[in-house]
file start-v4.txt (compact mmCIF, C-alpha atoms and all ligand atoms)
# COMPACT_ATOMS: atom_id res chain seq x y z
CA MET K 1 39.51 142.46 -171.55
CA VAL K 2 41.35 139.16 -171.36
CA GLY K 3 41.24 138.92 -167.59
CA THR K 4 43.71 136.07 -167.21
CA GLN K 5 44.86 137.49 -163.88
CA HIS K 6 41.54 136.53 -162.30
CA HIS K 7 41.88 133.40 -160.21
CA HIS K 8 38.22 132.43 -160.34
CA GLY K 9 35.52 131.64 -162.84
CA PRO K 10 32.86 134.07 -164.12
CA HIS K 11 30.26 133.03 -161.54
CA GLU K 12 32.39 133.22 -158.45
CA PRO K 13 31.91 136.34 -156.31
CA LEU K 14 34.29 139.25 -156.72
CA ARG K 15 37.13 139.57 -154.21
CA ILE K 16 36.90 143.08 -152.76
CA ASP K 17 39.26 144.87 -150.33
CA LEU K 18 38.07 148.37 -149.39
CA HIS K 19 40.91 149.80 -147.26
CA THR K 20 44.60 150.21 -148.27
CA HIS K 21 47.41 152.77 -147.91
CA SER K 22 50.21 153.90 -150.23
CA THR K 23 53.18 156.27 -150.06
CA ALA K 24 50.66 159.12 -150.32
CA SER K 25 50.30 158.59 -146.55
CA ASP K 26 51.92 155.89 -144.42
CA GLY K 27 52.01 152.85 -146.71
CA THR K 28 55.34 151.72 -148.22
CA ASP K 29 54.13 150.86 -151.77
CA THR K 30 53.46 153.56 -154.35
CA PRO K 31 49.81 153.80 -155.51
CA ALA K 32 50.70 151.87 -158.71
CA GLN K 33 52.47 149.20 -156.66
CA VAL K 34 49.37 148.82 -154.45
CA MET K 35 47.33 148.10 -157.62
CA ALA K 36 49.91 145.52 -158.80
CA MET K 37 50.01 143.88 -155.37
CA ALA K 38 46.20 143.78 -155.26
CA ILE K 39 46.13 141.89 -158.58
CA ALA K 40 48.84 139.54 -157.32
CA ALA K 41 46.71 138.90 -154.22
CA GLY K 42 43.82 137.81 -156.47
CA LEU K 43 41.61 140.84 -155.80
CA ASP K 44 39.09 142.11 -158.37
CA VAL K 45 38.31 145.39 -156.60
CA VAL K 46 40.52 147.48 -154.31
CA ALA K 47 40.03 150.85 -152.60
CA LEU K 48 42.98 153.19 -152.08
CA SER K 49 42.19 154.99 -148.81
CA ASP K 50 45.20 157.04 -147.75
CA HIS K 51 44.99 159.13 -144.59
CA ASP K 52 43.47 162.58 -145.22
CA THR K 53 44.52 162.78 -148.86
CA GLU K 54 43.42 162.02 -152.43
CA ARG K 55 46.99 162.54 -153.65
CA GLY K 56 47.41 158.88 -154.71
CA TRP K 57 44.20 158.71 -156.76
CA ALA K 58 45.58 159.82 -160.15
CA GLU K 59 48.48 157.37 -160.20
CA ALA K 60 46.30 154.54 -158.87
CA SER K 61 43.60 155.25 -161.49
CA GLU K 62 46.08 155.11 -164.36
CA ALA K 63 47.61 151.89 -163.00
CA ALA K 64 44.20 150.30 -162.40
CA ARG K 65 43.15 151.00 -166.00
CA GLU K 66 46.42 149.67 -167.41
CA MET K 67 46.68 146.60 -165.19
CA GLY K 68 42.99 145.61 -165.18
CA ILE K 69 41.68 145.97 -161.65
CA VAL K 70 38.74 148.03 -160.37
CA LEU K 71 39.77 150.97 -158.18
CA VAL K 72 37.47 152.59 -155.62
CA ARG K 73 38.79 156.06 -154.85
CA ALA K 74 38.63 156.52 -151.09
CA MET K 75 40.20 158.25 -148.12
CA GLU K 76 40.56 157.55 -144.39
CA ILE K 77 39.77 160.78 -142.56
CA THR K 78 41.13 161.55 -139.09
CA THR K 79 38.34 162.71 -136.78
CA SER K 80 37.69 162.82 -133.05
CA ASP K 81 34.69 162.02 -130.91
CA LEU K 82 33.75 163.36 -127.48
CA ALA K 83 35.90 162.28 -124.55
CA PRO K 84 34.22 159.35 -122.77
CA THR K 85 34.67 161.08 -119.38
CA PRO K 86 35.22 164.79 -118.55
CA ASP K 87 38.87 164.26 -117.58
CA ALA K 88 39.72 162.06 -120.60
CA LYS K 89 41.03 163.09 -124.02
CA PRO K 90 38.80 162.93 -127.13
CA ILE K 91 38.77 159.55 -128.89
CA CYS K 92 40.56 159.33 -132.25
CA VAL K 93 38.10 157.99 -134.84
CA HIS K 94 39.03 157.07 -138.41
CA LEU K 95 36.29 157.64 -140.97
CA LEU K 96 36.48 156.05 -144.41
CA SER K 97 34.93 158.03 -147.26
CA TYR K 98 34.23 156.28 -150.55
CA LEU K 99 33.87 157.94 -153.96
CA HIS K 100 33.38 161.53 -152.75
CA ASP K 101 33.91 164.61 -154.93
CA PRO K 102 37.51 165.77 -154.31
CA GLY K 103 36.51 169.21 -155.57
CA ASN K 104 34.18 169.80 -152.62
CA ALA K 105 35.41 173.03 -151.00
CA ALA K 106 34.23 172.29 -147.44
CA LEU K 107 35.98 168.92 -147.42
CA ALA K 108 39.17 170.33 -148.96
CA GLY K 109 39.24 173.12 -146.37
CA ILE K 110 38.99 170.71 -143.47
CA LEU K 111 41.70 168.47 -144.91
CA ALA K 112 44.04 171.46 -145.30
CA GLU K 113 43.47 172.27 -141.62
CA THR K 114 44.19 168.67 -140.60
CA HIS K 115 47.44 168.70 -142.58
CA GLN K 116 48.54 171.89 -140.79
CA GLN K 117 47.81 170.25 -137.44
CA ARG K 118 49.59 167.06 -138.45
CA ASP K 119 52.72 168.90 -139.69
CA LEU K 120 52.92 171.03 -136.55
CA ARG K 121 52.54 167.98 -134.35
CA LEU K 122 55.13 165.98 -136.30
CA LYS K 123 57.68 168.75 -135.66
CA GLN K 124 56.80 168.85 -131.97
CA MET K 125 57.23 165.09 -131.58
CA ALA K 126 60.46 165.17 -133.62
CA ASP K 127 61.86 167.89 -131.36
CA ARG K 128 61.04 165.88 -128.25
CA LEU K 129 62.58 162.72 -129.71
CA ALA K 130 65.68 164.64 -130.84
CA GLU K 131 66.50 165.36 -127.19
CA ASP K 132 67.08 161.65 -126.52
CA PHE K 133 67.68 159.98 -129.89
CA PRO K 134 70.08 160.60 -132.81
CA ILE K 135 67.49 162.12 -135.15
CA GLU K 136 67.01 165.60 -136.51
CA TRP K 137 64.01 167.28 -138.08
CA GLU K 138 65.60 166.85 -141.53
CA ASP K 139 65.63 163.06 -141.03
CA VAL K 140 61.91 163.10 -140.30
CA LEU K 141 61.15 165.46 -143.19
CA GLU K 142 62.95 163.09 -145.54
CA GLN K 143 60.50 160.34 -144.53
CA ALA K 144 57.34 162.47 -144.56
CA GLU K 145 57.97 164.75 -147.55
CA GLY K 146 55.05 164.71 -150.00
CA LYS K 147 52.97 162.45 -147.75
CA THR K 148 50.33 162.86 -145.08
CA ALA K 149 52.66 163.28 -142.07
CA GLY K 150 52.20 160.86 -139.19
CA ARG K 151 53.90 158.86 -136.48
CA PRO K 152 54.91 156.12 -138.97
CA HIS K 153 57.37 158.62 -140.50
CA LEU K 154 58.93 159.27 -137.09
CA ALA K 155 59.25 155.49 -136.77
CA ASP K 156 60.92 155.27 -140.19
CA ALA K 157 63.43 158.01 -139.28
CA LEU K 158 64.30 156.16 -136.05
CA ILE K 159 64.59 152.84 -137.93
CA LYS K 160 66.97 154.41 -140.44
CA LYS K 161 69.20 155.53 -137.54
CA GLY K 162 69.16 152.01 -136.13
CA VAL K 163 67.17 152.89 -133.02
CA PHE K 164 64.39 150.39 -133.82
CA ALA K 165 64.12 147.36 -136.14
CA ASN K 166 60.56 148.08 -137.30
CA ARG K 167 57.54 150.37 -136.89
CA ASP K 168 55.87 148.06 -134.36
CA GLN K 169 58.78 148.48 -131.94
CA ALA K 170 58.57 152.27 -132.18
CA PHE K 171 54.79 152.29 -131.74
CA ALA K 172 55.02 150.00 -128.71
CA THR K 173 57.42 152.40 -126.99
CA VAL K 174 58.27 156.03 -127.88
CA LEU K 175 55.31 156.62 -130.22
CA ALA K 176 52.61 155.24 -127.90
CA PRO K 177 50.03 157.77 -126.63
CA SER K 178 51.34 157.15 -123.09
CA SER K 179 54.90 158.11 -124.12
CA ARG K 180 56.50 161.42 -123.05
CA TYR K 181 57.27 162.08 -126.72
CA TYR K 182 53.63 161.84 -127.78
CA VAL K 183 51.77 164.97 -128.88
CA ARG K 184 48.07 165.10 -129.77
CA TYR K 185 46.69 167.01 -132.75
CA GLU K 186 43.29 168.52 -133.44
CA SER K 187 40.91 166.93 -135.90
CA PRO K 188 37.23 167.54 -136.80
CA ARG K 189 34.38 166.02 -134.81
CA THR K 190 33.32 162.66 -136.28
CA SER K 191 29.63 163.51 -136.64
CA GLU K 192 30.41 166.82 -138.36
CA MET K 193 32.78 165.07 -140.74
CA ILE K 194 30.08 162.55 -141.66
CA SER K 195 27.83 165.43 -142.75
CA VAL K 196 30.65 166.95 -144.78
CA VAL K 197 31.40 163.63 -146.48
CA ARG K 198 27.72 163.13 -147.34
CA ALA K 199 27.50 166.67 -148.74
CA ALA K 200 30.55 165.86 -150.90
CA GLY K 201 28.75 162.80 -152.26
CA GLY K 202 30.88 160.33 -150.31
CA VAL K 203 29.85 157.13 -148.55
CA PRO K 204 31.01 157.37 -144.90
CA VAL K 205 32.01 154.16 -143.12
CA LEU K 206 33.57 153.96 -139.65
CA ALA K 207 37.03 152.36 -139.95
CA HIS K 208 37.92 149.64 -137.42
CA PRO K 209 35.49 150.96 -134.76
CA GLY K 210 36.44 148.12 -132.39
CA ALA K 211 40.21 148.55 -132.58
CA LYS K 212 41.94 149.11 -129.24
CA ALA K 213 44.84 151.43 -128.42
CA ARG K 214 43.45 154.55 -130.09
CA GLY K 215 42.72 156.50 -126.97
CA GLY K 216 39.55 154.60 -126.12
CA GLN K 217 36.84 152.92 -128.16
CA LEU K 218 33.43 154.12 -129.25
CA THR K 219 30.60 152.48 -127.31
CA ASP K 220 27.57 151.07 -129.14
CA GLU K 221 25.63 154.09 -127.83
CA ARG K 222 28.15 156.56 -129.32
CA ILE K 223 28.12 154.73 -132.66
CA ALA K 224 24.31 154.91 -132.65
CA ALA K 225 24.47 158.65 -131.90
CA ILE K 226 27.07 159.27 -134.61
CA CYS K 227 24.95 157.24 -137.01
CA GLU K 228 22.28 159.97 -136.88
CA ALA K 229 24.62 162.31 -138.76
CA GLY K 230 24.32 160.11 -141.84
CA LEU K 231 26.79 157.28 -141.36
CA LEU K 232 26.29 154.51 -143.93
CA GLY K 233 28.54 151.66 -142.83
CA LEU K 234 30.76 149.94 -140.28
CA GLU K 235 34.05 148.18 -141.03
CA VAL K 236 33.29 144.96 -139.17
CA ASN K 237 35.89 142.53 -140.46
CA HIS K 238 39.34 143.94 -139.71
CA ARG K 239 42.56 142.46 -138.29
CA GLU K 240 42.24 144.47 -135.09
CA HIS K 241 38.79 143.02 -134.26
CA ASP K 242 38.60 139.69 -132.43
CA ALA K 243 35.68 137.27 -132.94
CA ALA K 244 33.60 138.77 -130.11
CA THR K 245 34.12 142.32 -131.45
CA ARG K 246 33.10 141.24 -134.96
CA ALA K 247 29.94 139.62 -133.59
CA ARG K 248 29.08 142.76 -131.60
CA LEU K 249 29.67 145.08 -134.58
CA HIS K 250 27.78 142.77 -136.95
CA ALA K 251 24.74 142.91 -134.66
CA LEU K 252 25.09 146.68 -134.29
CA ALA K 253 25.32 147.23 -138.06
CA LYS K 254 22.22 145.13 -138.49
CA SER K 255 20.23 146.98 -135.85
CA LEU K 256 21.26 150.41 -137.19
CA GLY K 257 20.69 149.46 -140.82
CA LEU K 258 24.35 150.05 -141.74
CA LEU K 259 26.41 148.39 -144.46
CA GLU K 260 29.01 145.94 -143.16
CA THR K 261 32.47 145.97 -144.77
CA GLY K 262 35.65 143.94 -144.36
CA SER K 263 39.13 145.09 -145.40
CA SER K 264 42.84 144.54 -144.94
CA ASP K 265 44.05 148.07 -144.03
CA TYR K 266 47.19 147.16 -146.00
CA HIS K 267 50.25 149.42 -145.37
CA GLY K 268 52.86 147.54 -147.47
CA ARG K 269 55.86 146.67 -145.30
CA GLY K 270 54.67 149.15 -142.66
CA LYS K 271 52.30 146.68 -141.00
CA GLU K 272 51.62 142.94 -140.97
CA ASN K 273 48.22 143.36 -142.70
CA ARG K 274 48.03 141.40 -145.99
CA LEU K 275 45.86 142.41 -148.95
CA GLY K 276 42.58 140.49 -149.07
CA GLU K 277 42.92 139.10 -145.54
CA ASN K 278 39.42 140.50 -144.91
CA THR K 279 37.01 141.28 -147.74
CA THR K 280 33.65 142.92 -148.46
CA SER K 281 30.68 141.22 -150.13
CA GLN K 282 29.78 142.11 -153.70
CA GLU K 283 26.30 143.17 -152.55
CA VAL K 284 27.67 145.73 -150.08
CA TYR K 285 30.25 146.94 -152.61
CA GLU K 286 27.49 147.55 -155.17
CA GLN K 287 25.50 149.57 -152.63
CA ILE K 288 28.53 151.73 -151.91
CA VAL K 289 29.11 152.35 -155.62
CA ALA K 290 25.42 153.17 -156.15
CA GLN K 291 25.58 155.86 -153.43
CA GLY K 292 28.93 157.43 -154.32
CA PHE K 293 29.44 160.64 -156.32
CA LEU K 294 32.37 159.30 -158.38
CA PRO K 295 32.34 156.16 -160.52
CA VAL K 296 34.86 153.36 -159.96
CA VAL K 297 37.72 153.24 -162.49
CA GLY K 298 39.55 150.47 -164.33
CA GLY K 299 38.72 146.79 -164.36
P1 LIG N 301 49.01 159.40 -136.27
O1 LIG N 301 47.69 159.66 -136.91
O2 LIG N 301 50.12 160.17 -136.89
O3 LIG N 301 48.99 159.54 -134.80
O4 LIG N 301 49.43 157.90 -136.56
C1 LIG N 301 48.51 156.87 -136.61
C2 LIG N 301 48.94 155.94 -137.75
O5 LIG N 301 49.95 155.06 -137.31
C3 LIG N 301 47.80 155.09 -138.24
O6 LIG N 301 47.51 155.52 -139.53
C4 LIG N 301 48.32 153.70 -138.30
O7 LIG N 301 48.24 153.18 -139.61
C5 LIG N 301 49.77 153.80 -137.91
N1 LIG N 301 50.13 152.76 -136.93
C6 LIG N 301 49.56 152.56 -135.74
N2 LIG N 301 50.17 151.54 -135.08
C7 LIG N 301 51.13 151.08 -135.93
C8 LIG N 301 52.09 150.04 -135.84
N3 LIG N 301 52.20 149.28 -134.77
N4 LIG N 301 52.91 149.85 -136.90
C9 LIG N 301 52.80 150.64 -137.99
N5 LIG N 301 51.93 151.64 -138.11
C10 LIG N 301 51.10 151.86 -137.10
FE FE N 302 47.96 154.26 -141.28
FE FE N 303 42.84 153.63 -139.46
ZN ZN N 304 43.85 152.57 -142.43

call {"tool": "encode", "arguments": {"input": "start-v4.txt", "output": "structure tokens"}}
result
Amino acid sequence: MVGTQHHHGPHEPLRIDLHTHSTASDGTDTPAQVMAMAIAAGLDVVALSDHDTERGWAEASEAAREMGIVLVRAMEITTSDLAPTPDAKPICVHLLSYLHDPGNAALAGILAETHQQRDLRLKQMADRLAEDFPIEWEDVLEQAEGKTAGRPHLADALIKKGVFANRDQAFATVLAPSSRYYVRYESPRTSEMISVVRAAGGVPVLAHPGAKARGGQLTDERIAAICEAGLLGLEVNHREHDAATRARLHALAKSLGLLETGSSDYHGRGKENRLGENTTSQEVYEQIVAQGFLPVVGG
């Protein structure tokens, strides 16, 4: 391999970004475009981690091999943890899974269930929004077709009708959990999902565990409890974590013996997050690869 696209010498550490999204879920770049953008950003290794789907893996693998970047096949799984108080709603927890076997029947069954819940909920939110805004179900379907359906597609339908200028505006108002248009959906318990991911040969890492505005945050005690199910890592360095949160999670990862990752959570034009804005060390990356069922591809 010629490798002229690499911006560093042979002895410099690899640049590794372990969390991105494509049009298979709520990103705006196709899987092949994510690979091209990752190379342009100077990355050596990138994970494609669409919400609740492996649909983008084949295209990304082919592109990674052709373009010369290492792809880590991954997924960000929607789960929920116990409500912090009896009268509160369960907390939405995103669980990254690296290099699991996509043929695992238990995992596939749970994902199919989640997609049913997501589709049902998208329709319910679209119907509520249609009462007050100039959108119809067909407009939403057009945005979500062939993808893991989520609120970003409601935002895109509203943007297309000129109601909002961007996704952020929609999320700050009509799509917020406090909004009258918001509808919850059921997802598997985080600790159970960790066991399923491990059984499928995946490496489970809690995504942005310190991010706010997701219906409450996990406490250190809850993370420690969840860890017992076989968690292997924490995403410490992420745009939605301030310096104090990163310090807290770094200490927690250390005390629980968990791997510590950093990632962009790139969504193309759907979010401000830029590829490579947070990265993972080569040492941690190698430990993830060593524990995963699937090999990395390309490079
Ligand atoms: P859902 O799971 O359908 O409730 O939607 C959550 C998704 O919305 C997450 O995957 C986020 O990536 C996305 N999201 C959350 N806030 C924003 C925002 N301000 N702009 C764009 N996307 C967002
Ligand atoms: Fe997303
Ligand atoms: Fe997430
Ligand atoms: Zn994400």

call {"tool": "residues_near_ligand", "arguments": {"input": "start-v4.txt", "ligand": "ligand FE 302 (chain N)", "cutoff": "9 Å", "atoms": "only C-alpha atoms and all ligand atoms", "output": "PDB file with C-alpha atoms, keeping the file's coordinate frame"}}
result
ATOM      1  CA  THR K  20      44.600 150.210-148.270  1.00  0.00           C
ATOM      2  CA  HIS K  21      47.410 152.770-147.910  1.00  0.00           C
ATOM      3  CA  SER K  25      50.300 158.590-146.550  1.00  0.00           C
ATOM      4  CA  ASP K  26      51.920 155.890-144.420  1.00  0.00           C
ATOM      5  CA  GLY K  27      52.010 152.850-146.710  1.00  0.00           C
ATOM      6  CA  ASP K  50      45.200 157.040-147.750  1.00  0.00           C
ATOM      7  CA  HIS K  51      44.990 159.130-144.590  1.00  0.00           C
ATOM      8  CA  GLU K  76      40.560 157.550-144.390  1.00  0.00           C
ATOM      9  CA  GLY K 150      52.200 160.860-139.190  1.00  0.00           C
ATOM     10  CA  ARG K 151      53.900 158.860-136.480  1.00  0.00           C
ATOM     11  CA  PRO K 152      54.910 156.120-138.970  1.00  0.00           C
ATOM     12  CA  ASP K 265      44.050 148.070-144.030  1.00  0.00           C
ATOM     13  CA  TYR K 266      47.190 147.160-146.000  1.00  0.00           C
ATOM     14  CA  HIS K 267      50.250 149.420-145.370  1.00  0.00           C
ATOM     15  CA  GLY K 270      54.670 149.150-142.660  1.00  0.00           C
ATOM     16  CA  LYS K 271      52.300 146.680-141.000  1.00  0.00           C
TER      17      LYS K 271
END

call {"tool": "residues_near_point", "arguments": {"input": "start-v4.txt", "point": "(36.6, 155.0, -158.4)", "cutoff": "8 Å", "atoms": "only C-alpha atoms", "output": "PyMOL selection string"}}
result
chain K and resi 47+61+70-74+99+294-297

call {"tool": "closest_residue", "arguments": {"input": "start-v4.txt", "among": "K:His94, K:His250, K:Arg274, K:Lys161", "to": "ligand FE 303 (chain N)", "atoms": "all atoms listed in the file"}}
result
K:His94

call {"tool": "atom_distance", "arguments": {"input": "start-v4.txt", "atom1": "atom CA of Pro204 of chain K", "atom2": "atom CA of Leu122 of chain K"}}
result
27.0 Å

call {"tool": "atom_distance", "arguments": {"input": "start-v4.txt", "atom1": "atom CA of Gln169 of chain K", "atom2": "atom P1 of ligand LIG 301 (chain N)"}}
result
15.3 Å

call {"tool": "closest_residue", "arguments": {"input": "start-v4.txt", "among": "K:Arg248, K:Arg184, K:Asn273, K:Gly257", "to": "Pro209 of chain K", "atoms": "only C-alpha atoms"}}
result
K:Arg248

call {"tool": "residues_around", "arguments": {"input": "start-v4.txt", "residues": "Gln116 of chain K", "least_positions_apart": "4", "cutoff": "12 Å", "atoms": "all atoms listed in the file", "output": "VMD selection string"}}
result
chain K and resid 52 109 to 112 120 to 123 148 to 150 185 to 187

call {"tool": "decode", "arguments": {"input": "start-v4.txt", "residues": "segment 164-259 of chain K", "atoms": "C-alpha atoms", "output": "PDB file, in the first residue's frame"}}
result
ATOM      1  CA  PHE K 164     -36.879  24.985  10.987  1.00  0.00           C
ATOM      2  CA  ALA K 165     -33.452  25.942   9.588  1.00  0.00           C
ATOM      3  CA  ASN K 166     -31.594  22.960  11.078  1.00  0.00           C
ATOM      4  CA  ARG K 167     -31.895  19.870  13.293  1.00  0.00           C
ATOM      5  CA  ASP K 168     -30.682  21.722  16.391  1.00  0.00           C
ATOM      6  CA  GLN K 169     -33.651  24.114  16.222  1.00  0.00           C
ATOM      7  CA  ALA K 170     -36.100  21.220  16.008  1.00  0.00           C
ATOM      8  CA  PHE K 171     -34.432  19.332  18.863  1.00  0.00           C
ATOM      9  CA  ALA K 172     -34.438  22.437  21.064  1.00  0.00           C
ATOM     10  CA  THR K 173     -38.203  22.826  20.624  1.00  0.00           C
ATOM     11  CA  VAL K 174     -40.750  20.333  19.223  1.00  0.00           C
ATOM     12  CA  LEU K 175     -38.514  17.241  19.439  1.00  0.00           C
ATOM     13  CA  ALA K 176     -37.337  17.773  23.031  1.00  0.00           C
ATOM     14  CA  PRO K 177     -38.458  15.151  25.586  1.00  0.00           C
ATOM     15  CA  SER K 178     -40.441  17.894  27.361  1.00  0.00           C
ATOM     16  CA  SER K 179     -42.395  18.708  24.174  1.00  0.00           C
ATOM     17  CA  ARG K 180     -46.073  17.735  23.743  1.00  0.00           C
ATOM     18  CA  TYR K 181     -45.101  16.038  20.474  1.00  0.00           C
ATOM     19  CA  TYR K 182     -42.570  13.735  22.136  1.00  0.00           C
ATOM     20  CA  VAL K 183     -43.303  10.010  22.415  1.00  0.00           C
ATOM     21  CA  ARG K 184     -41.092   7.487  24.222  1.00  0.00           C
ATOM     22  CA  TYR K 185     -40.271   4.046  22.850  1.00  0.00           C
ATOM     23  CA  GLU K 186     -39.283   0.806  24.536  1.00  0.00           C
ATOM     24  CA  SER K 187     -35.737  -0.475  24.382  1.00  0.00           C
ATOM     25  CA  PRO K 188     -33.879  -3.324  26.141  1.00  0.00           C
ATOM     26  CA  ARG K 189     -32.360  -2.916  29.599  1.00  0.00           C
ATOM     27  CA  THR K 190     -28.722  -1.786  29.372  1.00  0.00           C
ATOM     28  CA  SER K 191     -27.292  -4.574  31.535  1.00  0.00           C
ATOM     29  CA  GLU K 192     -29.163  -7.258  29.579  1.00  0.00           C
ATOM     30  CA  MET K 193     -27.931  -5.793  26.310  1.00  0.00           C
ATOM     31  CA  ILE K 194     -24.333  -5.902  27.553  1.00  0.00           C
ATOM     32  CA  SER K 195     -24.697  -9.658  28.120  1.00  0.00           C
ATOM     33  CA  VAL K 196     -26.188 -10.099  24.652  1.00  0.00           C
ATOM     34  CA  VAL K 197     -23.367  -8.111  23.046  1.00  0.00           C
ATOM     35  CA  ARG K 198     -20.731 -10.164  24.888  1.00  0.00           C
ATOM     36  CA  ALA K 199     -22.435 -13.407  23.833  1.00  0.00           C
ATOM     37  CA  ALA K 200     -22.315 -12.133  20.227  1.00  0.00           C
ATOM     38  CA  GLY K 201     -18.571 -11.569  20.568  1.00  0.00           C
ATOM     39  CA  GLY K 202     -18.863  -7.790  20.698  1.00  0.00           C
ATOM     40  CA  VAL K 203     -16.960  -5.306  22.850  1.00  0.00           C
ATOM     41  CA  PRO K 204     -19.529  -3.201  24.768  1.00  0.00           C
ATOM     42  CA  VAL K 205     -18.644   0.417  25.572  1.00  0.00           C
ATOM     43  CA  LEU K 206     -21.012   2.971  27.112  1.00  0.00           C
ATOM     44  CA  ALA K 207     -21.478   5.860  24.644  1.00  0.00           C
ATOM     45  CA  HIS K 208     -21.254   9.403  26.055  1.00  0.00           C
ATOM     46  CA  PRO K 209     -22.289   8.339  29.594  1.00  0.00           C
ATOM     47  CA  GLY K 210     -21.941  11.923  30.848  1.00  0.00           C
ATOM     48  CA  ALA K 211     -24.047  13.609  28.167  1.00  0.00           C
ATOM     49  CA  LYS K 212     -26.974  15.652  29.458  1.00  0.00           C
ATOM     50  CA  ALA K 213     -30.482  15.977  28.023  1.00  0.00           C
ATOM     51  CA  ARG K 214     -31.154  12.269  27.565  1.00  0.00           C
ATOM     52  CA  GLY K 215     -33.721  11.887  30.276  1.00  0.00           C
ATOM     53  CA  GLY K 216     -31.208  11.876  33.117  1.00  0.00           C
ATOM     54  CA  GLN K 217     -27.633  10.660  33.494  1.00  0.00           C
ATOM     55  CA  LEU K 218     -26.232   7.458  34.917  1.00  0.00           C
ATOM     56  CA  THR K 219     -24.618   7.938  38.322  1.00  0.00           C
ATOM     57  CA  ASP K 220     -21.185   6.452  39.057  1.00  0.00           C
ATOM     58  CA  GLU K 221     -23.001   3.845  41.185  1.00  0.00           C
ATOM     59  CA  ARG K 222     -25.269   2.811  38.282  1.00  0.00           C
ATOM     60  CA  ILE K 223     -22.297   2.582  35.910  1.00  0.00           C
ATOM     61  CA  ALA K 224     -20.513   0.376  38.454  1.00  0.00           C
ATOM     62  CA  ALA K 225     -23.617  -1.844  38.729  1.00  0.00           C
ATOM     63  CA  ILE K 226     -24.015  -2.070  34.947  1.00  0.00           C
ATOM     64  CA  CYS K 227     -20.314  -2.880  34.682  1.00  0.00           C
ATOM     65  CA  GLU K 228     -20.969  -6.206  36.441  1.00  0.00           C
ATOM     66  CA  ALA K 229     -22.872  -7.423  33.368  1.00  0.00           C
ATOM     67  CA  GLY K 230     -19.627  -7.414  31.387  1.00  0.00           C
ATOM     68  CA  LEU K 231     -19.106  -3.854  30.223  1.00  0.00           C
ATOM     69  CA  LEU K 232     -15.615  -3.327  28.779  1.00  0.00           C
ATOM     70  CA  GLY K 233     -15.283   0.408  28.219  1.00  0.00           C
ATOM     71  CA  LEU K 234     -16.448   3.988  28.707  1.00  0.00           C
ATOM     72  CA  GLU K 235     -16.488   6.689  26.032  1.00  0.00           C
ATOM     73  CA  VAL K 236     -14.750   9.381  28.079  1.00  0.00           C
ATOM     74  CA  ASN K 237     -13.697  11.941  25.489  1.00  0.00           C
ATOM     75  CA  HIS K 238     -16.799  13.179  23.676  1.00  0.00           C
ATOM     76  CA  ARG K 239     -18.079  16.619  22.644  1.00  0.00           C
ATOM     77  CA  GLU K 240     -20.935  16.463  25.138  1.00  0.00           C
ATOM     78  CA  HIS K 241     -18.583  15.976  28.122  1.00  0.00           C
ATOM     79  CA  ASP K 242     -17.048  19.036  29.770  1.00  0.00           C
ATOM     80  CA  ALA K 243     -13.619  18.918  31.456  1.00  0.00           C
ATOM     81  CA  ALA K 244     -15.039  17.996  34.876  1.00  0.00           C
ATOM     82  CA  THR K 245     -17.136  15.172  33.371  1.00  0.00           C
ATOM     83  CA  ARG K 246     -14.121  13.793  31.493  1.00  0.00           C
ATOM     84  CA  ALA K 247     -12.066  13.830  34.702  1.00  0.00           C
ATOM     85  CA  ARG K 248     -14.847  12.034  36.606  1.00  0.00           C
ATOM     86  CA  LEU K 249     -15.301   9.376  33.898  1.00  0.00           C
ATOM     87  CA  HIS K 250     -11.536   8.907  33.505  1.00  0.00           C
ATOM     88  CA  ALA K 251     -11.249   8.176  37.234  1.00  0.00           C
ATOM     89  CA  LEU K 252     -14.276   5.871  37.093  1.00  0.00           C
ATOM     90  CA  ALA K 253     -12.899   3.915  34.118  1.00  0.00           C
ATOM     91  CA  LYS K 254      -9.640   3.504  35.975  1.00  0.00           C
ATOM     92  CA  SER K 255     -11.266   2.297  39.180  1.00  0.00           C
ATOM     93  CA  LEU K 256     -13.547  -0.160  37.336  1.00  0.00           C
ATOM     94  CA  GLY K 257     -10.780  -1.429  35.066  1.00  0.00           C
ATOM     95  CA  LEU K 258     -12.580  -0.264  31.914  1.00  0.00           C
ATOM     96  CA  LEU K 259     -11.084   0.821  28.593  1.00  0.00           C
TER      97      LEU K 259
END
